[in-house]
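Q: Sharing coords.pdb, PDB, C-alpha atoms, pLDDT in the B column:
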MODEL        1
ATOM      1  CA  MET W   1     161.978-154.951 245.285  1.00 77.00           C
ATOM      2  CA  GLU W   2     158.995-155.627 247.501  1.00 79.00           C
ATOM      3  CA  TYR W   3     158.893-153.097 250.305  1.00 83.00           C
ATOM      4  CA  LEU W   4     157.207-153.422 253.670  1.00 84.00           C
ATOM      5  CA  PRO W   5     153.557-152.415 253.077  1.00 87.00           C
ATOM      6  CA  ASP W   6     152.046-149.441 254.832  1.00 88.00           C
ATOM      7  CA  PRO W   7     148.345-150.314 254.574  1.00 89.00           C
ATOM      8  CA  VAL W   8     147.052-147.675 256.977  1.00 93.00           C
ATOM      9  CA  ASN W   9     149.546-145.050 255.845  1.00 90.00           C
ATOM     10  CA  ASP W  10     150.965-144.442 259.311  1.00 92.00           C
ATOM     11  CA  ARG W  11     154.702-144.559 258.714  1.00 91.00           C
ATOM     12  CA  PRO W  12     156.017-141.500 260.556  1.00 91.00           C
ATOM     13  CA  VAL W  13     159.211-141.015 258.507  1.00 90.00           C
ATOM     14  CA  LYS W  14     157.986-141.104 254.938  1.00 88.00           C
ATOM     15  CA  ASP W  15     161.050-139.556 253.333  1.00 91.00           C
ATOM     16  CA  LEU W  16     162.987-142.774 254.033  1.00 87.00           C
ATOM     17  CA  PRO W  17     162.174-145.821 251.909  1.00 83.00           C
ATOM     18  CA  PRO W  18     160.542-148.693 253.819  1.00 85.00           C
ATOM     19  CA  PHE W  19     162.399-151.920 254.482  1.00 83.00           C
ATOM     20  CA  VAL W  20     162.425-154.619 251.864  1.00 83.00           C
ATOM     21  CA  ASN W  21     159.816-157.100 252.972  1.00 80.00           C
ATOM     22  CA  LYS W  22     160.758-160.217 251.037  1.00 81.00           C
ATOM     23  CA  SER W  23     163.799-161.724 249.409  1.00 83.00           C
ATOM     24  CA  ILE W  24     164.398-160.641 245.849  1.00 86.00           C
ATOM     25  CA  SER W  25     162.208-162.534 243.380  1.00 85.00           C
ATOM     26  CA  ASP W  26     163.424-164.325 240.255  1.00 87.00           C
ATOM     27  CA  SER W  27     161.240-162.148 238.038  1.00 87.00           C
ATOM     28  CA  LEU W  28     162.992-159.013 239.354  1.00 88.00           C
ATOM     29  CA  LEU W  29     166.475-160.512 239.446  1.00 88.00           C
ATOM     30  CA  PHE W  30     166.216-161.917 235.924  1.00 89.00           C
ATOM     31  CA  PRO W  31     164.273-159.315 233.936  1.00 87.00           C
ATOM     32  CA  PRO W  32     163.165-160.348 230.431  1.00 84.00           C
ATOM     33  CA  ASN W  33     165.610-159.342 227.699  1.00 82.00           C
ATOM     34  CA  GLU W  34     165.804-159.465 223.888  1.00 81.00           C
ATOM     35  CA  SER W  35     168.049-162.542 223.743  1.00 80.00           C
ATOM     36  CA  GLY W  36     165.775-164.522 226.057  1.00 78.00           C
ATOM     37  CA  SER W  37     168.787-165.665 228.119  1.00 84.00           C
ATOM     38  CA  GLU W  38     168.867-165.357 231.883  1.00 89.00           C
ATOM     39  CA  ILE W  39     170.983-162.329 232.776  1.00 92.00           C
ATOM     40  CA  PRO W  40     170.797-160.995 236.340  1.00 93.00           C
ATOM     41  CA  ASP W  41     170.120-157.323 237.034  1.00 92.00           C
ATOM     42  CA  TRP W  42     173.388-156.776 238.883  1.00 93.00           C
ATOM     43  CA  LYS W  43     172.623-153.164 239.872  1.00 93.00           C
ATOM     44  CA  LEU W  44     169.417-154.198 241.584  1.00 91.00           C
ATOM     45  CA  PHE W  45     171.240-157.094 243.251  1.00 91.00           C
ATOM     46  CA  GLU W  46     174.026-154.780 244.434  1.00 92.00           C
ATOM     47  CA  GLU W  47     171.505-152.344 245.904  1.00 90.00           C
ATOM     48  CA  PHE W  48     169.570-155.146 247.568  1.00 89.00           C
ATOM     49  CA  MET W  49     172.652-156.652 249.219  1.00 89.00           C
ATOM     50  CA  SER W  50     174.015-153.231 250.233  1.00 89.00           C
ATOM     51  CA  LYS W  51     170.797-152.220 251.958  1.00 85.00           C
ATOM     52  CA  GLU W  52     169.623-155.502 253.410  1.00 81.00           C
ATOM     53  CA  GLY W  53     172.951-156.840 254.670  1.00 74.00           C
ATOM     54  CA  PRO W  54     174.022-160.514 254.572  1.00 73.00           C
ATOM     55  CA  MET W  55     172.129-162.778 252.204  1.00 69.00           C
TER      56      MET W  55
ATOM     57  CA  MET T  56     172.224-171.305 242.840  1.00 87.00           C
ATOM     58  CA  LYS T  57     171.053-170.128 239.412  1.00 88.00           C
ATOM     59  CA  ILE T  58     173.578-167.278 239.334  1.00 92.00           C
ATOM     60  CA  ILE T  59     176.410-169.585 240.452  1.00 94.00           C
ATOM     61  CA  LYS T  60     175.546-172.102 237.699  1.00 95.00           C
ATOM     62  CA  LEU T  61     175.249-169.368 235.048  1.00 94.00           C
ATOM     63  CA  GLY T  62     178.601-167.945 236.157  1.00 95.00           C
ATOM     64  CA  THR T  63     180.254-171.373 236.070  1.00 95.00           C
ATOM     65  CA  ASP T  64     179.047-171.867 232.479  1.00 94.00           C
ATOM     66  CA  VAL T  65     180.564-168.497 231.484  1.00 94.00           C
ATOM     67  CA  PHE T  66     183.927-169.259 233.128  1.00 93.00           C
ATOM     68  CA  LYS T  67     184.108-172.786 231.691  1.00 95.00           C
ATOM     69  CA  LYS T  68     184.099-171.321 228.166  1.00 94.00           C
ATOM     70  CA  GLU T  69     187.150-169.152 228.886  1.00 94.00           C
ATOM     71  CA  PRO T  70     190.733-170.349 228.272  1.00 95.00           C
ATOM     72  CA  ASN T  71     193.314-170.477 231.095  1.00 94.00           C
ATOM     73  CA  LEU T  72     194.898-167.339 229.654  1.00 94.00           C
ATOM     74  CA  VAL T  73     192.318-164.662 228.892  1.00 95.00           C
ATOM     75  CA  LYS T  74     192.893-161.392 227.046  1.00 95.00           C
ATOM     76  CA  ILE T  75     191.495-157.930 227.611  1.00 95.00           C
ATOM     77  CA  PRO T  76     192.252-154.521 226.061  1.00 95.00           C
ATOM     78  CA  GLU T  77     192.963-151.176 227.746  1.00 92.00           C
ATOM     79  CA  PRO T  78     191.661-148.903 229.278  1.00 93.00           C
ATOM     80  CA  ILE T  79     191.297-151.143 232.268  1.00 95.00           C
ATOM     81  CA  VAL T  80     190.848-151.092 236.014  1.00 95.00           C
ATOM     82  CA  VAL T  81     192.898-153.819 237.728  1.00 96.00           C
ATOM     83  CA  VAL T  82     191.697-154.840 241.182  1.00 96.00           C
ATOM     84  CA  GLY T  83     193.551-156.916 243.774  1.00 94.00           C
ATOM     85  CA  ASP T  84     192.273-158.967 246.713  1.00 95.00           C
ATOM     86  CA  ILE T  85     188.721-158.261 247.886  1.00 95.00           C
ATOM     87  CA  HIS T  86     188.636-160.827 250.728  1.00 96.00           C
ATOM     88  CA  GLY T  87     184.958-160.583 251.573  1.00 94.00           C
ATOM     89  CA  GLN T  88     184.836-156.805 251.950  1.00 95.00           C
ATOM     90  CA  TYR T  89     181.529-156.236 250.142  1.00 94.00           C
ATOM     91  CA  TYR T  90     181.055-152.573 251.002  1.00 95.00           C
ATOM     92  CA  ASP T  91     184.602-151.743 249.886  1.00 95.00           C
ATOM     93  CA  LEU T  92     183.906-153.588 246.621  1.00 96.00           C
ATOM     94  CA  VAL T  93     180.717-151.561 246.012  1.00 96.00           C
ATOM     95  CA  HIS T  94     182.527-148.326 246.913  1.00 95.00           C
ATOM     96  CA  MET T  95     185.392-149.212 244.573  1.00 96.00           C
ATOM     97  CA  LEU T  96     183.006-149.951 241.678  1.00 95.00           C
ATOM     98  CA  ASN T  97     181.262-146.605 242.245  1.00 95.00           C
ATOM     99  CA  LYS T  98     184.596-144.750 242.325  1.00 95.00           C
ATOM    100  CA  ALA T  99     186.319-146.536 239.429  1.00 94.00           C
ATOM    101  CA  GLY T 100     183.416-146.529 236.994  1.00 93.00           C
ATOM    102  CA  ASP T 101     180.486-148.437 235.555  1.00 94.00           C
ATOM    103  CA  PRO T 102     181.506-151.975 234.463  1.00 94.00           C
ATOM    104  CA  SER T 103     179.289-151.559 231.382  1.00 92.00           C
ATOM    105  CA  LYS T 104     181.642-148.808 230.135  1.00 92.00           C
ATOM    106  CA  LEU T 105     185.028-149.905 231.482  1.00 94.00           C
ATOM    107  CA  ASN T 106     187.188-153.020 231.326  1.00 96.00           C
ATOM    108  CA  TYR T 107     187.860-154.646 234.672  1.00 96.00           C
ATOM    109  CA  LEU T 108     190.376-157.271 235.725  1.00 96.00           C
ATOM    110  CA  PHE T 109     190.121-158.867 239.172  1.00 96.00           C
ATOM    111  CA  LEU T 110     193.211-160.740 240.301  1.00 96.00           C
ATOM    112  CA  GLY T 111     191.532-163.231 242.634  1.00 93.00           C
ATOM    113  CA  ASP T 112     191.082-163.724 246.399  1.00 94.00           C
ATOM    114  CA  TYR T 113     187.442-162.674 246.524  1.00 95.00           C
ATOM    115  CA  VAL T 114     186.589-164.693 249.618  1.00 94.00           C
ATOM    116  CA  ASP T 115     187.927-165.567 253.122  1.00 92.00           C
ATOM    117  CA  ARG T 116     188.931-163.228 255.949  1.00 94.00           C
ATOM    118  CA  GLY T 117     186.020-160.761 255.450  1.00 90.00           C
ATOM    119  CA  ILE T 118     182.476-161.739 256.429  1.00 92.00           C
ATOM    120  CA  PHE T 119     180.776-160.904 253.109  1.00 93.00           C
ATOM    121  CA  GLY T 120     182.538-163.367 250.823  1.00 93.00           C
ATOM    122  CA  LEU T 121     179.200-164.662 249.559  1.00 94.00           C
ATOM    123  CA  GLU T 122     177.924-161.200 248.666  1.00 94.00           C
ATOM    124  CA  CYS T 123     181.228-160.330 246.955  1.00 95.00           C
ATOM    125  CA  MET T 124     181.089-163.499 244.854  1.00 95.00           C
ATOM    126  CA  MET T 125     177.418-163.104 243.956  1.00 95.00           C
ATOM    127  CA  LEU T 126     177.903-159.496 242.843  1.00 96.00           C
ATOM    128  CA  LEU T 127     181.057-160.247 240.854  1.00 97.00           C
ATOM    129  CA  ILE T 128     179.465-163.266 239.141  1.00 96.00           C
ATOM    130  CA  SER T 129     176.351-161.217 238.296  1.00 95.00           C
ATOM    131  CA  ILE T 130     178.480-158.520 236.651  1.00 96.00           C
ATOM    132  CA  LYS T 131     180.528-161.176 234.843  1.00 96.00           C
ATOM    133  CA  ILE T 132     177.364-162.735 233.348  1.00 95.00           C
ATOM    134  CA  ASN T 133     176.348-159.278 232.080  1.00 94.00           C
ATOM    135  CA  TYR T 134     179.715-158.323 230.553  1.00 94.00           C
ATOM    136  CA  PRO T 135     181.700-161.548 229.950  1.00 94.00           C
ATOM    137  CA  LYS T 136     184.259-159.934 227.592  1.00 94.00           C
ATOM    138  CA  LYS T 137     184.839-156.720 229.571  1.00 94.00           C
ATOM    139  CA  PHE T 138     184.895-158.101 233.098  1.00 96.00           C
ATOM    140  CA  MET T 139     187.629-160.636 233.805  1.00 96.00           C
ATOM    141  CA  MET T 140     188.044-162.577 237.021  1.00 96.00           C
ATOM    142  CA  LEU T 141     191.146-164.659 237.714  1.00 96.00           C
ATOM    143  CA  ARG T 142     191.597-167.403 240.289  1.00 95.00           C
ATOM    144  CA  GLY T 143     193.443-166.567 243.484  1.00 94.00           C
ATOM    145  CA  ASN T 144     194.901-169.048 245.955  1.00 93.00           C
ATOM    146  CA  HIS T 145     191.852-168.558 248.218  1.00 94.00           C
ATOM    147  CA  GLU T 146     189.522-169.814 245.466  1.00 93.00           C
ATOM    148  CA  SER T 147     190.253-173.402 246.481  1.00 92.00           C
ATOM    149  CA  ARG T 148     188.902-176.102 248.800  1.00 91.00           C
ATOM    150  CA  ASN T 149     192.067-176.048 250.900  1.00 93.00           C
ATOM    151  CA  MET T 150     192.062-172.346 251.657  1.00 94.00           C
ATOM    152  CA  THR T 151     188.298-171.937 252.119  1.00 92.00           C
ATOM    153  CA  GLU T 152     188.375-174.801 254.646  1.00 89.00           C
ATOM    154  CA  SER T 153     191.293-173.317 256.612  1.00 92.00           C
ATOM    155  CA  PHE T 154     189.912-169.781 256.481  1.00 94.00           C
ATOM    156  CA  THR T 155     186.290-168.571 256.646  1.00 93.00           C
ATOM    157  CA  PHE T 156     184.443-169.012 253.333  1.00 92.00           C
ATOM    158  CA  ARG T 157     183.414-172.665 253.807  1.00 95.00           C
ATOM    159  CA  GLU T 158     182.018-171.897 257.258  1.00 93.00           C
ATOM    160  CA  GLU T 159     180.271-168.788 255.900  1.00 93.00           C
ATOM    161  CA  VAL T 160     178.522-170.676 253.082  1.00 94.00           C
ATOM    162  CA  ILE T 161     177.574-173.749 255.117  1.00 95.00           C
ATOM    163  CA  THR T 162     176.262-171.664 258.025  1.00 94.00           C
ATOM    164  CA  ARG T 163     174.111-169.484 255.794  1.00 93.00           C
ATOM    165  CA  PHE T 164     173.232-172.055 253.124  1.00 92.00           C
ATOM    166  CA  ASP T 165     174.453-175.650 252.828  1.00 93.00           C
ATOM    167  CA  ASN T 166     177.046-178.043 251.394  1.00 93.00           C
ATOM    168  CA  GLN T 167     175.361-178.047 247.997  1.00 95.00           C
ATOM    169  CA  VAL T 168     175.927-174.293 247.591  1.00 95.00           C
ATOM    170  CA  TYR T 169     179.519-174.681 248.814  1.00 96.00           C
ATOM    171  CA  ASP T 170     180.155-177.428 246.226  1.00 95.00           C
ATOM    172  CA  ALA T 171     178.662-175.219 243.499  1.00 95.00           C
ATOM    173  CA  PHE T 172     181.091-172.452 244.488  1.00 95.00           C
ATOM    174  CA  MET T 173     184.001-174.899 244.387  1.00 96.00           C
ATOM    175  CA  GLU T 174     183.028-175.926 240.852  1.00 95.00           C
ATOM    176  CA  LEU T 175     182.902-172.254 239.901  1.00 96.00           C
ATOM    177  CA  PHE T 176     186.332-171.651 241.481  1.00 95.00           C
ATOM    178  CA  ASP T 177     187.763-174.589 239.485  1.00 95.00           C
ATOM    179  CA  SER T 178     186.451-172.889 236.336  1.00 95.00           C
ATOM    180  CA  LEU T 179     188.128-169.503 236.879  1.00 96.00           C
ATOM    181  CA  PRO T 180     190.883-168.606 234.401  1.00 96.00           C
ATOM    182  CA  ILE T 181     194.471-168.451 235.686  1.00 95.00           C
ATOM    183  CA  ALA T 182     196.132-165.494 233.978  1.00 95.00           C
ATOM    184  CA  CYS T 183     195.373-162.558 231.715  1.00 96.00           C
ATOM    185  CA  VAL T 184     197.231-160.604 229.061  1.00 95.00           C
ATOM    186  CA  VAL T 185     196.269-156.925 229.149  1.00 95.00           C
ATOM    187  CA  ASP T 186     196.356-155.134 225.794  1.00 94.00           C
ATOM    188  CA  ASP T 187     199.046-157.570 224.533  1.00 92.00           C
ATOM    189  CA  LYS T 188     201.490-155.797 226.892  1.00 93.00           C
ATOM    190  CA  TYR T 189     201.132-156.957 230.474  1.00 94.00           C
ATOM    191  CA  LEU T 190     200.813-160.398 232.015  1.00 93.00           C
ATOM    192  CA  ALA T 191     198.566-160.435 235.076  1.00 94.00           C
ATOM    193  CA  MET T 192     197.929-163.209 237.592  1.00 94.00           C
ATOM    194  CA  HIS T 193     197.320-163.656 241.291  1.00 95.00           C
ATOM    195  CA  GLY T 194     200.613-165.124 242.455  1.00 91.00           C
ATOM    196  CA  GLY T 195     203.815-165.375 240.469  1.00 86.00           C
ATOM    197  CA  ILE T 196     205.303-166.950 237.387  1.00 85.00           C
ATOM    198  CA  SER T 197     206.232-170.625 237.713  1.00 85.00           C
ATOM    199  CA  PRO T 198     209.939-171.364 237.179  1.00 89.00           C
ATOM    200  CA  GLU T 199     208.739-174.206 234.917  1.00 87.00           C
ATOM    201  CA  LEU T 200     206.992-171.775 232.593  1.00 87.00           C
ATOM    202  CA  ASP T 201     209.021-170.887 229.497  1.00 90.00           C
ATOM    203  CA  LEU T 202     206.369-169.764 227.035  1.00 90.00           C
ATOM    204  CA  ILE T 203     203.183-167.868 227.769  1.00 90.00           C
ATOM    205  CA  GLU T 204     201.245-170.303 225.565  1.00 89.00           C
ATOM    206  CA  GLU T 205     202.062-173.083 228.038  1.00 90.00           C
ATOM    207  CA  ILE T 206     199.538-171.602 230.472  1.00 91.00           C
ATOM    208  CA  ASN T 207     196.761-172.813 228.184  1.00 91.00           C
ATOM    209  CA  LYS T 208     198.091-176.374 228.396  1.00 89.00           C
ATOM    210  CA  VAL T 209     197.377-176.588 232.144  1.00 89.00           C
ATOM    211  CA  ASN T 210     194.253-178.629 232.934  1.00 90.00           C
ATOM    212  CA  ARG T 211     192.524-176.367 235.438  1.00 87.00           C
ATOM    213  CA  PHE T 212     189.331-178.426 235.811  1.00 84.00           C
TER     214      PHE T 212
ENDMDL
END
With the file now loaded, output its structure as structure tokens.

A:
Amino acid sequence: MEYLPDPVNDRPVKDLPPFVNKSISDSLLFPPNESGSEIPDWKLFEEFMSKEGPM
Amino acid sequence: MKIIKLGTDVFKKEPNLVKIPEPIVVVGDIHGQYYDLVHMLNKAGDPSKLNYLFLGDYVDRGIFGLECMMLLISIKINYPKKFMMLRGNHESRNMTESFTFREEVITRFDNQVYDAFMELFDSLPIACVVDDKYLAMHGGISPELDLIEEINKVNRF
């Protein structure tokens, strides 16, 4: 997932992960696999929807 | 849309009456409660290692029907033989119009996504035989049903 950038390294609470900055990309959601078929990474999707709220 | 289409293709290949062996986790109505669904999956076990049977009613009432459907379809695409999803009475145009799912999808996306979901709902199998012992379905057994094989004669599409 693409997290909110911290270009000047000034996030005060660094032990918490930053917010996700963009919607989940196809390349992350459908990682390449041996069969070449499109199979979604459901664990990543679950985590994304749990943390970021409604789609 | 891609996940909905992939899921529809998986469901269309299944017969009306699916079969699954034990050990199995059987899950009743989810009704748009996404966080309860995630919690339940964490408690019951990894779908890659366990058989699951969902008895329908994934949407309406709760406000996360879309998230519930998207997660369940994603898992189904990964494990089509171990993860069974049946059709409940809320997986229909009638119920989603009277309740909340149609409004939820159209407000957040559009009619095209709603229609894709309806096609997916039409493709869901109706009943399941667990380990050749138990017959599972969302509602009840029709008084017109004499033989279990007759379920496969119903045109669900």

Q: To one decimal place, how far is atom CA of Gly87 of chain T from atom CA of Asp112 of chain T in Å?

A: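 About the pair atom CA of Gly87 of chain T and atom CA of Asp112 of chain T: they are 8.6 Å apart.
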
Q: Contacts of Pro180 of chain T at 9 Å or less, counting all atoms listed in the file, minus same-chain residues fewer than 2 places along, as an MDAnalysis selection string?

A: chainID T and resid 66:67 69:73 139:142 176:178 182:183 211

Q: Using Å and a single decimal, report how far atom CA of Arg163 of chain T sits from atom CA of Pro54 of chain W.

A: 9.1 Å

Q: Here's the selection I'm unsure about, the PyMOL selection byres ((chain T) within 10 of (chain W)); applied to the file above, which residues does it give, as a list in words?

A: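 This file gives the following for the PyMOL selection byres ((chain T) within 10 of (chain W)): Lys57, Ile58, Leu61, Tyr89, Tyr90, Val93, Ile118, Phe119, Gly120, Leu121, Glu122, Cys123, Met125, Leu126, Leu127, Ile128, Ser129, Ile130, Lys131, Ile132, Asn133, Tyr134, Arg163 and Phe164 of chain T.
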
Q: I want to know what sits within 8 Å of segment 11-24 of chain W, based on only C-alpha atoms, with residues of the same chain fewer than 3 positions away left out; could you give that as a PDB file with C-alpha atoms, keeping the file's coordinate frame?

A:
ATOM      1  CA  MET W   1     161.978-154.951 245.285  1.00 77.00           C
ATOM      2  CA  GLU W   2     158.995-155.627 247.501  1.00 79.00           C
ATOM      3  CA  TYR W   3     158.893-153.097 250.305  1.00 83.00           C
ATOM      4  CA  LEU W   4     157.207-153.422 253.670  1.00 84.00           C
ATOM      5  CA  PRO W   5     153.557-152.415 253.077  1.00 87.00           C
ATOM      6  CA  ASP W   6     152.046-149.441 254.832  1.00 88.00           C
ATOM      7  CA  LEU W  28     162.992-159.013 239.354  1.00 88.00           C
ATOM      8  CA  LEU W  29     166.475-160.512 239.446  1.00 88.00           C
ATOM      9  CA  PHE W  48     169.570-155.146 247.568  1.00 89.00           C
ATOM     10  CA  GLU W  52     169.623-155.502 253.410  1.00 81.00           C
TER      11      GLU W  52
END

Q: May I ask for the distance between atom CA of Thr151 of chain T and atom CA of Val82 of chain T, given in Å to one decimal place?

A: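 Between these atoms lies a distance of 20.6 Å.
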
Q: Pick out the closest residue to Lys136 of chain T from this set: T:Arg157, T:His94, T:Lys74, T:Lys208. Count only C-alpha atoms.

A: T:Lys74

Q: Using all atoms listed in the file for the distances, tell me which of T:Glu146, T:Asp64, T:Glu199, T:Asp91 is nearest to Tyr169 of chain T.

A: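 Distance minimum relative to Tyr169 of chain T lands on T:Glu146.
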
Q: Let me know the centre plus edge lengths, in Å and rounded to one decimal, of a box with edges along x, y and z that contains all listed atoms of segment 81-90 of chain T and is padded by 4 Å on every side, as JSON.

A:
{"center_x": 187.3, "center_y": -156.7, "center_z": 244.8, "size_x": 20.5, "size_y": 16.3, "size_z": 22.2}
